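final33.txt, holding compact mmCIF, N, CA and C atoms and all ligand atoms:
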# COMPACT_ATOMS: atom_id res chain seq x y z
N MET A 256 -31.30 84.61 -42.75
CA MET A 256 -31.12 86.04 -42.47
C MET A 256 -30.30 86.64 -43.60
N LEU A 257 -30.53 87.89 -43.83
CA LEU A 257 -29.77 88.51 -44.90
C LEU A 257 -29.23 89.87 -44.49
N GLY A 258 -28.21 90.28 -45.21
CA GLY A 258 -27.62 91.58 -44.96
C GLY A 258 -27.64 92.40 -46.23
N ALA A 259 -27.19 93.62 -46.13
CA ALA A 259 -27.14 94.49 -47.30
C ALA A 259 -25.83 95.25 -47.28
N ALA A 260 -25.39 95.67 -48.46
CA ALA A 260 -24.12 96.39 -48.63
C ALA A 260 -22.99 95.55 -48.03
N ASP A 261 -22.22 96.11 -47.09
CA ASP A 261 -21.08 95.36 -46.54
C ASP A 261 -21.48 94.48 -45.37
N GLU A 262 -22.73 94.56 -44.95
CA GLU A 262 -23.15 93.81 -43.77
C GLU A 262 -23.69 92.44 -44.18
N ALA A 263 -23.26 91.39 -43.47
CA ALA A 263 -23.76 90.05 -43.77
C ALA A 263 -23.86 89.26 -42.47
N PRO A 264 -24.84 88.38 -42.34
CA PRO A 264 -24.94 87.56 -41.13
C PRO A 264 -23.69 86.69 -41.00
N PRO A 265 -23.14 86.57 -39.79
CA PRO A 265 -21.97 85.70 -39.60
C PRO A 265 -22.31 84.25 -39.90
N THR A 266 -21.31 83.46 -40.27
CA THR A 266 -21.57 82.05 -40.58
C THR A 266 -21.11 81.12 -39.45
N ASP A 267 -20.58 81.69 -38.34
CA ASP A 267 -20.33 80.84 -37.17
C ASP A 267 -21.59 80.87 -36.31
N GLU A 268 -21.81 79.76 -35.58
CA GLU A 268 -23.10 79.60 -34.91
C GLU A 268 -23.36 80.70 -33.88
N GLU A 269 -22.33 81.00 -33.09
CA GLU A 269 -22.52 82.01 -32.03
C GLU A 269 -22.83 83.38 -32.63
N GLY A 270 -22.08 83.75 -33.68
CA GLY A 270 -22.30 85.03 -34.34
C GLY A 270 -23.66 85.09 -35.02
N PHE A 271 -24.08 83.97 -35.59
CA PHE A 271 -25.38 83.90 -36.27
C PHE A 271 -26.52 84.13 -35.28
N ARG A 272 -26.40 83.48 -34.12
CA ARG A 272 -27.43 83.66 -33.08
C ARG A 272 -27.44 85.10 -32.56
N ALA A 273 -26.24 85.67 -32.38
CA ALA A 273 -26.15 87.05 -31.89
C ALA A 273 -26.77 88.01 -32.91
N TYR A 274 -26.53 87.76 -34.18
CA TYR A 274 -27.10 88.60 -35.25
C TYR A 274 -28.63 88.54 -35.21
N ALA A 275 -29.16 87.33 -34.97
CA ALA A 275 -30.61 87.17 -34.89
C ALA A 275 -31.19 87.96 -33.73
N ARG A 276 -30.42 88.04 -32.63
CA ARG A 276 -30.92 88.77 -31.45
C ARG A 276 -30.97 90.28 -31.69
N GLU A 277 -30.25 90.76 -32.71
CA GLU A 277 -30.27 92.20 -33.02
C GLU A 277 -31.51 92.60 -33.82
N LEU A 278 -32.25 91.62 -34.34
CA LEU A 278 -33.43 91.95 -35.15
C LEU A 278 -34.52 92.54 -34.28
N ARG A 279 -35.35 93.39 -34.89
CA ARG A 279 -36.42 94.04 -34.14
C ARG A 279 -37.44 93.03 -33.62
N ASN A 280 -37.70 91.99 -34.42
CA ASN A 280 -38.64 90.95 -33.99
C ASN A 280 -37.86 89.85 -33.26
N PRO A 281 -38.12 89.66 -31.94
CA PRO A 281 -37.33 88.68 -31.17
C PRO A 281 -37.65 87.23 -31.52
N ASP A 282 -38.75 87.00 -32.24
CA ASP A 282 -39.18 85.62 -32.52
C ASP A 282 -38.13 84.83 -33.29
N PHE A 283 -37.41 85.50 -34.21
CA PHE A 283 -36.42 84.77 -35.02
C PHE A 283 -35.33 84.18 -34.12
N ALA A 284 -34.81 84.99 -33.20
CA ALA A 284 -33.75 84.51 -32.30
C ALA A 284 -34.29 83.36 -31.43
N THR A 285 -35.53 83.50 -30.96
CA THR A 285 -36.12 82.45 -30.11
C THR A 285 -36.21 81.15 -30.90
N ILE A 286 -36.72 81.24 -32.11
CA ILE A 286 -36.89 80.03 -32.92
C ILE A 286 -35.53 79.39 -33.21
N ILE A 287 -34.55 80.23 -33.55
CA ILE A 287 -33.21 79.69 -33.86
C ILE A 287 -32.60 79.06 -32.60
N ASP A 288 -32.76 79.74 -31.46
CA ASP A 288 -32.18 79.21 -30.22
C ASP A 288 -32.83 77.91 -29.79
N GLU A 289 -34.12 77.77 -30.07
CA GLU A 289 -34.83 76.55 -29.63
C GLU A 289 -34.61 75.39 -30.60
N GLY A 290 -34.14 75.68 -31.79
CA GLY A 290 -33.95 74.61 -32.78
C GLY A 290 -32.54 74.04 -32.73
N ALA A 291 -32.36 72.95 -33.44
CA ALA A 291 -31.03 72.34 -33.57
C ALA A 291 -30.61 72.46 -35.04
N PRO A 292 -29.36 72.88 -35.28
CA PRO A 292 -28.93 73.04 -36.67
C PRO A 292 -28.95 71.70 -37.41
N SER A 293 -29.41 71.73 -38.65
CA SER A 293 -29.41 70.49 -39.44
C SER A 293 -28.14 70.38 -40.27
N GLY A 294 -27.27 71.41 -40.20
CA GLY A 294 -26.01 71.38 -40.94
C GLY A 294 -25.30 72.70 -40.72
N PRO A 295 -24.15 72.88 -41.35
CA PRO A 295 -23.41 74.13 -41.16
C PRO A 295 -24.15 75.32 -41.74
N ILE A 296 -23.87 76.50 -41.21
CA ILE A 296 -24.48 77.73 -41.75
C ILE A 296 -23.74 78.08 -43.04
N ARG A 297 -24.49 78.34 -44.07
CA ARG A 297 -23.87 78.68 -45.36
C ARG A 297 -24.34 80.06 -45.80
N ARG A 298 -23.44 80.75 -46.47
CA ARG A 298 -23.79 82.08 -47.00
C ARG A 298 -23.87 81.99 -48.52
N THR A 299 -24.89 82.59 -49.08
CA THR A 299 -24.97 82.67 -50.54
C THR A 299 -25.01 84.13 -50.96
N ARG A 300 -24.34 84.42 -52.04
CA ARG A 300 -24.39 85.78 -52.60
C ARG A 300 -25.10 85.74 -53.95
N ALA A 301 -25.82 84.64 -54.21
CA ALA A 301 -26.51 84.51 -55.50
C ALA A 301 -27.82 85.29 -55.46
N ILE A 302 -27.83 86.45 -56.02
CA ILE A 302 -29.04 87.26 -56.00
C ILE A 302 -29.51 87.59 -57.42
N GLY A 303 -29.07 86.79 -58.36
CA GLY A 303 -29.45 87.04 -59.75
C GLY A 303 -30.82 86.46 -60.08
N ASN A 304 -31.37 86.86 -61.20
CA ASN A 304 -32.61 86.30 -61.74
C ASN A 304 -32.25 85.62 -63.06
N ARG A 305 -32.82 84.42 -63.27
CA ARG A 305 -32.52 83.72 -64.54
C ARG A 305 -33.75 82.95 -64.99
N TRP A 306 -34.22 83.21 -66.19
CA TRP A 306 -35.45 82.58 -66.71
C TRP A 306 -35.12 81.86 -68.01
N HIS A 307 -35.26 80.54 -67.99
CA HIS A 307 -35.09 79.74 -69.21
C HIS A 307 -36.43 79.71 -69.94
N ARG A 308 -36.48 80.23 -71.17
CA ARG A 308 -37.75 80.32 -71.89
C ARG A 308 -38.06 79.01 -72.63
N TYR A 309 -38.28 77.94 -71.86
CA TYR A 309 -38.64 76.65 -72.47
C TYR A 309 -39.98 76.75 -73.21
N ASP A 310 -40.81 77.70 -72.77
CA ASP A 310 -42.12 77.87 -73.41
C ASP A 310 -41.99 78.38 -74.84
N ARG A 311 -40.83 78.95 -75.16
CA ARG A 311 -40.65 79.51 -76.51
C ARG A 311 -39.93 78.54 -77.45
N MET A 312 -39.58 77.37 -76.96
CA MET A 312 -38.85 76.43 -77.82
C MET A 312 -39.79 75.87 -78.88
N ARG A 313 -39.29 75.79 -80.10
CA ARG A 313 -40.17 75.33 -81.18
C ARG A 313 -40.51 73.86 -81.01
N ARG A 314 -39.58 73.09 -80.42
CA ARG A 314 -39.88 71.67 -80.16
C ARG A 314 -39.57 71.38 -78.69
N TRP A 315 -40.47 70.63 -78.08
CA TRP A 315 -40.28 70.27 -76.65
C TRP A 315 -40.86 68.87 -76.47
N PRO A 316 -40.15 67.94 -75.85
CA PRO A 316 -40.66 66.57 -75.70
C PRO A 316 -42.03 66.52 -74.99
N ALA A 317 -42.93 65.68 -75.50
CA ALA A 317 -44.31 65.64 -75.02
C ALA A 317 -44.41 65.35 -73.53
N ARG A 318 -43.54 64.51 -73.02
CA ARG A 318 -43.68 64.09 -71.61
C ARG A 318 -42.56 64.62 -70.72
N LEU A 319 -41.85 65.62 -71.18
CA LEU A 319 -40.81 66.22 -70.34
C LEU A 319 -41.37 67.47 -69.65
N ILE A 320 -41.18 67.54 -68.33
CA ILE A 320 -41.70 68.66 -67.54
C ILE A 320 -40.54 69.36 -66.82
N ALA A 321 -40.49 70.66 -66.99
CA ALA A 321 -39.57 71.47 -66.16
C ALA A 321 -40.44 72.39 -65.32
N LEU A 322 -40.12 72.51 -64.04
CA LEU A 322 -40.86 73.49 -63.21
C LEU A 322 -39.97 74.02 -62.10
N GLY A 323 -40.48 75.00 -61.37
CA GLY A 323 -39.74 75.58 -60.25
C GLY A 323 -38.46 76.26 -60.72
N ASP A 324 -37.42 76.08 -59.91
CA ASP A 324 -36.14 76.75 -60.21
C ASP A 324 -35.52 76.28 -61.52
N SER A 325 -35.94 75.12 -62.01
CA SER A 325 -35.34 74.66 -63.28
C SER A 325 -35.83 75.53 -64.44
N ILE A 326 -36.95 76.24 -64.25
CA ILE A 326 -37.39 77.22 -65.26
C ILE A 326 -36.83 78.59 -64.90
N CYS A 327 -37.07 79.00 -63.68
CA CYS A 327 -36.74 80.38 -63.32
C CYS A 327 -36.25 80.48 -61.88
N ILE A 328 -35.11 81.11 -61.72
CA ILE A 328 -34.57 81.41 -60.38
C ILE A 328 -34.73 82.91 -60.15
N PHE A 329 -35.32 83.24 -59.00
CA PHE A 329 -35.52 84.64 -58.65
C PHE A 329 -34.51 85.04 -57.57
N ASN A 330 -34.19 86.31 -57.54
CA ASN A 330 -33.43 86.84 -56.42
C ASN A 330 -34.17 86.47 -55.14
N PRO A 331 -33.54 85.70 -54.21
CA PRO A 331 -34.27 85.23 -53.02
C PRO A 331 -34.80 86.36 -52.14
N VAL A 332 -34.28 87.55 -52.30
CA VAL A 332 -34.76 88.69 -51.50
C VAL A 332 -36.26 88.88 -51.71
N TYR A 333 -36.77 88.53 -52.89
CA TYR A 333 -38.19 88.76 -53.17
C TYR A 333 -39.07 87.57 -52.79
N VAL A 334 -38.49 86.53 -52.22
CA VAL A 334 -39.19 85.37 -51.64
C VAL A 334 -40.36 84.87 -52.51
N GLN A 335 -40.11 84.56 -53.75
CA GLN A 335 -41.18 84.16 -54.64
C GLN A 335 -41.07 82.72 -55.13
N GLY A 336 -39.86 82.14 -55.03
CA GLY A 336 -39.59 80.87 -55.70
C GLY A 336 -40.49 79.72 -55.27
N MET A 337 -40.77 79.62 -53.97
CA MET A 337 -41.59 78.49 -53.50
C MET A 337 -43.03 78.62 -53.96
N THR A 338 -43.54 79.86 -53.94
CA THR A 338 -44.92 80.08 -54.39
C THR A 338 -45.06 79.73 -55.86
N VAL A 339 -44.10 80.18 -56.67
CA VAL A 339 -44.15 79.89 -58.10
C VAL A 339 -44.08 78.37 -58.33
N ALA A 340 -43.17 77.70 -57.62
CA ALA A 340 -43.05 76.25 -57.78
C ALA A 340 -44.35 75.55 -57.37
N ALA A 341 -44.97 76.02 -56.27
CA ALA A 341 -46.22 75.40 -55.81
C ALA A 341 -47.35 75.61 -56.82
N LEU A 342 -47.45 76.83 -57.36
CA LEU A 342 -48.50 77.10 -58.37
C LEU A 342 -48.28 76.24 -59.61
N GLN A 343 -47.04 76.07 -59.99
CA GLN A 343 -46.75 75.21 -61.15
C GLN A 343 -47.08 73.75 -60.84
N GLY A 344 -46.84 73.34 -59.60
CA GLY A 344 -47.22 71.98 -59.20
C GLY A 344 -48.72 71.77 -59.31
N ALA A 345 -49.48 72.78 -58.87
CA ALA A 345 -50.95 72.68 -58.96
C ALA A 345 -51.38 72.65 -60.42
N LEU A 346 -50.73 73.44 -61.25
CA LEU A 346 -51.05 73.44 -62.69
C LEU A 346 -50.77 72.07 -63.30
N LEU A 347 -49.65 71.48 -62.89
CA LEU A 347 -49.29 70.16 -63.43
C LEU A 347 -50.36 69.13 -63.06
N THR A 348 -50.86 69.21 -61.83
CA THR A 348 -51.92 68.30 -61.39
C THR A 348 -53.14 68.45 -62.30
N ARG A 349 -53.53 69.71 -62.57
CA ARG A 349 -54.71 69.93 -63.42
C ARG A 349 -54.50 69.38 -64.82
N HIS A 350 -53.30 69.60 -65.37
CA HIS A 350 -53.00 69.06 -66.71
C HIS A 350 -53.06 67.54 -66.69
N ALA A 351 -52.45 66.94 -65.67
CA ALA A 351 -52.37 65.48 -65.61
C ALA A 351 -53.76 64.87 -65.48
N GLU A 352 -54.63 65.56 -64.70
CA GLU A 352 -56.00 65.04 -64.52
C GLU A 352 -56.79 65.05 -65.82
N ARG A 353 -56.44 66.01 -66.71
CA ARG A 353 -57.14 66.05 -67.99
C ARG A 353 -56.73 64.88 -68.88
N GLY A 354 -55.55 64.31 -68.61
CA GLY A 354 -55.27 63.00 -69.17
C GLY A 354 -54.31 62.86 -70.32
N ASP A 355 -54.34 63.71 -71.34
CA ASP A 355 -53.57 63.41 -72.54
C ASP A 355 -52.08 63.70 -72.33
N LEU A 356 -51.35 62.71 -71.85
CA LEU A 356 -49.94 62.91 -71.49
C LEU A 356 -49.07 63.20 -72.71
N ASP A 357 -49.53 62.78 -73.90
CA ASP A 357 -48.71 63.00 -75.09
C ASP A 357 -48.76 64.45 -75.59
N LYS A 358 -49.61 65.27 -74.95
CA LYS A 358 -49.61 66.70 -75.31
C LYS A 358 -49.22 67.55 -74.10
N LEU A 359 -48.85 66.91 -73.03
CA LEU A 359 -48.66 67.61 -71.76
C LEU A 359 -47.50 68.61 -71.78
N GLY A 360 -46.33 68.17 -72.26
CA GLY A 360 -45.10 68.95 -72.11
C GLY A 360 -45.21 70.38 -72.60
N PRO A 361 -45.40 70.62 -73.91
CA PRO A 361 -45.41 72.00 -74.41
C PRO A 361 -46.52 72.85 -73.79
N ALA A 362 -47.70 72.27 -73.61
CA ALA A 362 -48.81 73.04 -73.03
C ALA A 362 -48.48 73.44 -71.59
N PHE A 363 -47.91 72.49 -70.84
CA PHE A 363 -47.55 72.82 -69.46
C PHE A 363 -46.49 73.92 -69.42
N GLN A 364 -45.48 73.85 -70.29
CA GLN A 364 -44.41 74.87 -70.25
C GLN A 364 -44.97 76.26 -70.53
N ARG A 365 -45.99 76.35 -71.41
CA ARG A 365 -46.59 77.66 -71.67
C ARG A 365 -47.33 78.16 -70.43
N GLY A 366 -48.09 77.28 -69.78
CA GLY A 366 -48.81 77.68 -68.56
C GLY A 366 -47.86 78.04 -67.43
N ALA A 367 -46.78 77.27 -67.31
CA ALA A 367 -45.80 77.53 -66.25
C ALA A 367 -45.15 78.89 -66.46
N ALA A 368 -44.91 79.26 -67.72
CA ALA A 368 -44.31 80.56 -68.02
C ALA A 368 -45.26 81.69 -67.66
N THR A 369 -46.55 81.48 -67.85
CA THR A 369 -47.53 82.51 -67.48
C THR A 369 -47.45 82.78 -65.98
N ILE A 370 -47.26 81.72 -65.20
CA ILE A 370 -47.14 81.88 -63.74
C ILE A 370 -45.89 82.68 -63.38
N VAL A 371 -44.82 82.50 -64.15
CA VAL A 371 -43.56 83.20 -63.86
C VAL A 371 -43.67 84.71 -64.14
N GLY A 372 -44.52 85.08 -65.11
CA GLY A 372 -44.51 86.45 -65.63
C GLY A 372 -44.53 87.56 -64.59
N ILE A 373 -45.53 87.58 -63.73
CA ILE A 373 -45.66 88.70 -62.79
C ILE A 373 -44.51 88.71 -61.76
N PRO A 374 -44.22 87.56 -61.10
CA PRO A 374 -43.08 87.58 -60.17
C PRO A 374 -41.77 88.01 -60.85
N TRP A 375 -41.61 87.62 -62.11
CA TRP A 375 -40.40 88.02 -62.84
C TRP A 375 -40.32 89.54 -62.96
N ARG A 376 -41.46 90.15 -63.28
CA ARG A 376 -41.45 91.61 -63.42
C ARG A 376 -41.16 92.27 -62.08
N VAL A 377 -41.70 91.69 -61.00
CA VAL A 377 -41.42 92.25 -59.67
C VAL A 377 -39.92 92.16 -59.37
N SER A 378 -39.33 90.99 -59.63
CA SER A 378 -37.92 90.78 -59.29
C SER A 378 -36.97 91.60 -60.15
N THR A 379 -37.36 91.88 -61.38
CA THR A 379 -36.40 92.51 -62.30
C THR A 379 -36.65 93.98 -62.54
N SER A 380 -37.71 94.53 -61.95
CA SER A 380 -37.99 95.92 -62.24
C SER A 380 -37.86 96.82 -61.02
N VAL A 381 -37.53 96.25 -59.86
CA VAL A 381 -37.43 97.08 -58.64
C VAL A 381 -36.04 97.71 -58.56
C1 LIG A 401 -30.90 81.67 -49.83
C2 LIG A 401 -32.26 81.43 -50.43
C3 LIG A 401 -33.38 81.87 -49.76
C4 LIG A 401 -34.66 81.67 -50.31
N1 LIG A 401 -35.73 82.12 -49.61
C5 LIG A 401 -36.95 81.93 -50.13
C6 LIG A 401 -38.11 82.38 -49.42
O1 LIG A 401 -38.02 82.94 -48.33
N2 LIG A 401 -39.33 82.17 -49.99
C7 LIG A 401 -39.48 81.54 -51.21
O2 LIG A 401 -40.61 81.38 -51.70
N3 LIG A 401 -38.41 81.09 -51.89
C8 LIG A 401 -37.15 81.26 -51.37
N4 LIG A 401 -36.07 80.80 -52.06
C9 LIG A 401 -36.27 80.12 -53.34
C10 LIG A 401 -36.76 78.67 -53.12
O3 LIG A 401 -35.90 77.99 -52.23
C11 LIG A 401 -36.80 77.95 -54.48
O4 LIG A 401 -37.42 78.76 -55.45
C12 LIG A 401 -37.56 76.64 -54.38
O5 LIG A 401 -36.94 75.81 -53.41
C13 LIG A 401 -37.57 75.96 -55.74
O6 LIG A 401 -38.12 74.68 -55.63
P1 LIG A 401 -37.69 73.55 -56.63
O7 LIG A 401 -38.49 72.35 -56.23
O8 LIG A 401 -37.79 74.04 -58.03
O9 LIG A 401 -36.14 73.29 -56.39
P2 LIG A 401 -35.39 72.77 -55.08
O10 LIG A 401 -36.10 73.18 -53.84
O11 LIG A 401 -33.97 73.21 -55.25
O12 LIG A 401 -35.52 71.21 -55.18
C14 LIG A 401 -34.76 70.46 -56.10
C15 LIG A 401 -34.44 69.16 -55.44
O13 LIG A 401 -33.86 68.27 -56.40
C16 LIG A 401 -32.78 67.61 -55.78
N5 LIG A 401 -31.89 67.19 -56.86
C17 LIG A 401 -31.01 67.94 -57.57
N6 LIG A 401 -30.37 67.19 -58.46
C18 LIG A 401 -30.86 65.93 -58.33
C19 LIG A 401 -30.60 64.71 -58.99
N7 LIG A 401 -29.72 64.62 -59.97
N8 LIG A 401 -31.29 63.63 -58.59
C20 LIG A 401 -32.21 63.69 -57.60
N9 LIG A 401 -32.50 64.83 -56.95
C21 LIG A 401 -31.83 65.93 -57.31
C22 LIG A 401 -32.16 68.65 -54.84
O14 LIG A 401 -31.41 68.02 -53.83
C23 LIG A 401 -33.42 69.30 -54.29
O15 LIG A 401 -33.92 68.64 -53.15
C24 LIG A 401 -34.79 80.98 -51.54
C25 LIG A 401 -33.65 80.54 -52.22
C26 LIG A 401 -32.41 80.75 -51.68
C27 LIG A 401 -31.19 80.25 -52.42
Could you show the structure in this file as structure tokens?
Ligand SMILES: Cc1cc2nc3c(=O)[nH]c(=O)nc-3n(C[C@H](O)[C@H](O)[C@H](O)COP(=O)(O)OP(=O)(O)OC[C@H]3O[C@@H](n4cnc5c(N)ncnc54)[C@H](O)[C@@H]3O)c2cc1C
Amino acid sequence: MLGAADEAPPTDEEGFRAYARELRNPDFATIIDEGAPSGPIRRTRAIGNRWHRYDRMRRWPARLIALGDSICIFNPVYVQGMTVAALQGALLTRHAERGDLDKLGPAFQRGAATIVGIPWRVSTSV
């Protein structure tokens, strides 16, 4: 759950559940109430965007792969990180199936950056 301005979901369990019950869609509170916590509730204020341009490096090891958040972290408000990581995973599979692992690294980083492009513009231009 997220808040805006000075409002933030409480990090104690009772307050967190109460906050969920205030949402217009009751399903969130139901799901939270029916589940068991897997750990303490944590709050993050990390809403920055950060893109490492590995695709622009003049030299990159042939068999080194960076993908997902290790390339680009998006403001979680735009809920894009898992989709980008999954698309990059699918791209990696296609590259690996083609076989030549000694050329994989730089080519993959260029393709992975292409996947980042549109979500990056969404996250940084709104
Ligand atoms: C608060 C929040 C809410 C988000 N909500 C959404 C959302 O609604 N939708 C969405 O699409 N995205 C969301 N994201 C983004 C999404 O979680 C990430 O983009 C996605 O998980 C990135 O996947 P990843 O595999 O690159 O990294 P991760 O999911 O972080 O996986 C990296 C894994 O590597 C492990 N690891 C780290 N160091 C080591 C090591 N030295 N040795 C072995 N293992 C190690 C970590 O424990 C972790 O399991 C959210 C992010 C945050 C912070």
Worksheet item: Got a sec to check which residues lie within 5 Å of ligand LIG 401 (chain A), using only N, CA and C atoms and all ligand atoms, and send them as a ChimeraX atom specification?
Response: /A:322-325,331,334-338
Worksheet, complete the sentence: re CA of Val371 in chain A and CA of Ala259 in chain A: distance 25.9 Å
Practice prompt. Report the residues of chain A whose backbone DSSP state falls under alpha helix (DSSP H), written as a count of residues only.
Written response: 57
Discussion item. Using all atoms listed in the file, which protein or nucleic acid residues come within 8 Å of Lys358 in chain A? Drop anything in the same chain fewer than 4 positions from it, and give the result as a list in words.
Written reply: Pro316, Ala317, Arg318, Gly354, Ala362 and Phe363 of chain A
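The neighbours of range 289-295 of chain A here are the residues that come within 8 Å of it, using all atoms listed in the file and leaving out any residue fewer than 6 positions away in the same chain; they are A:Thr266, A:Glu268, A:Phe283.
Straight-line separation from CA of Leu257 in chain A to CA of Trp306 in chain A: 23.3 Å.
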Discussion item. Write out as a count of residues only the set of residues from range 264-381 of chain A that DSSP, computed on the backbone, places in strand (DSSP E or B).
Written reply: 4
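Between Tyr333 in chain A and the residues A:Val377, A:Ile320, A:Ile296, A:Met312, the shortest atom-to-atom distance, using only C-alpha atoms, involves A:Val377.
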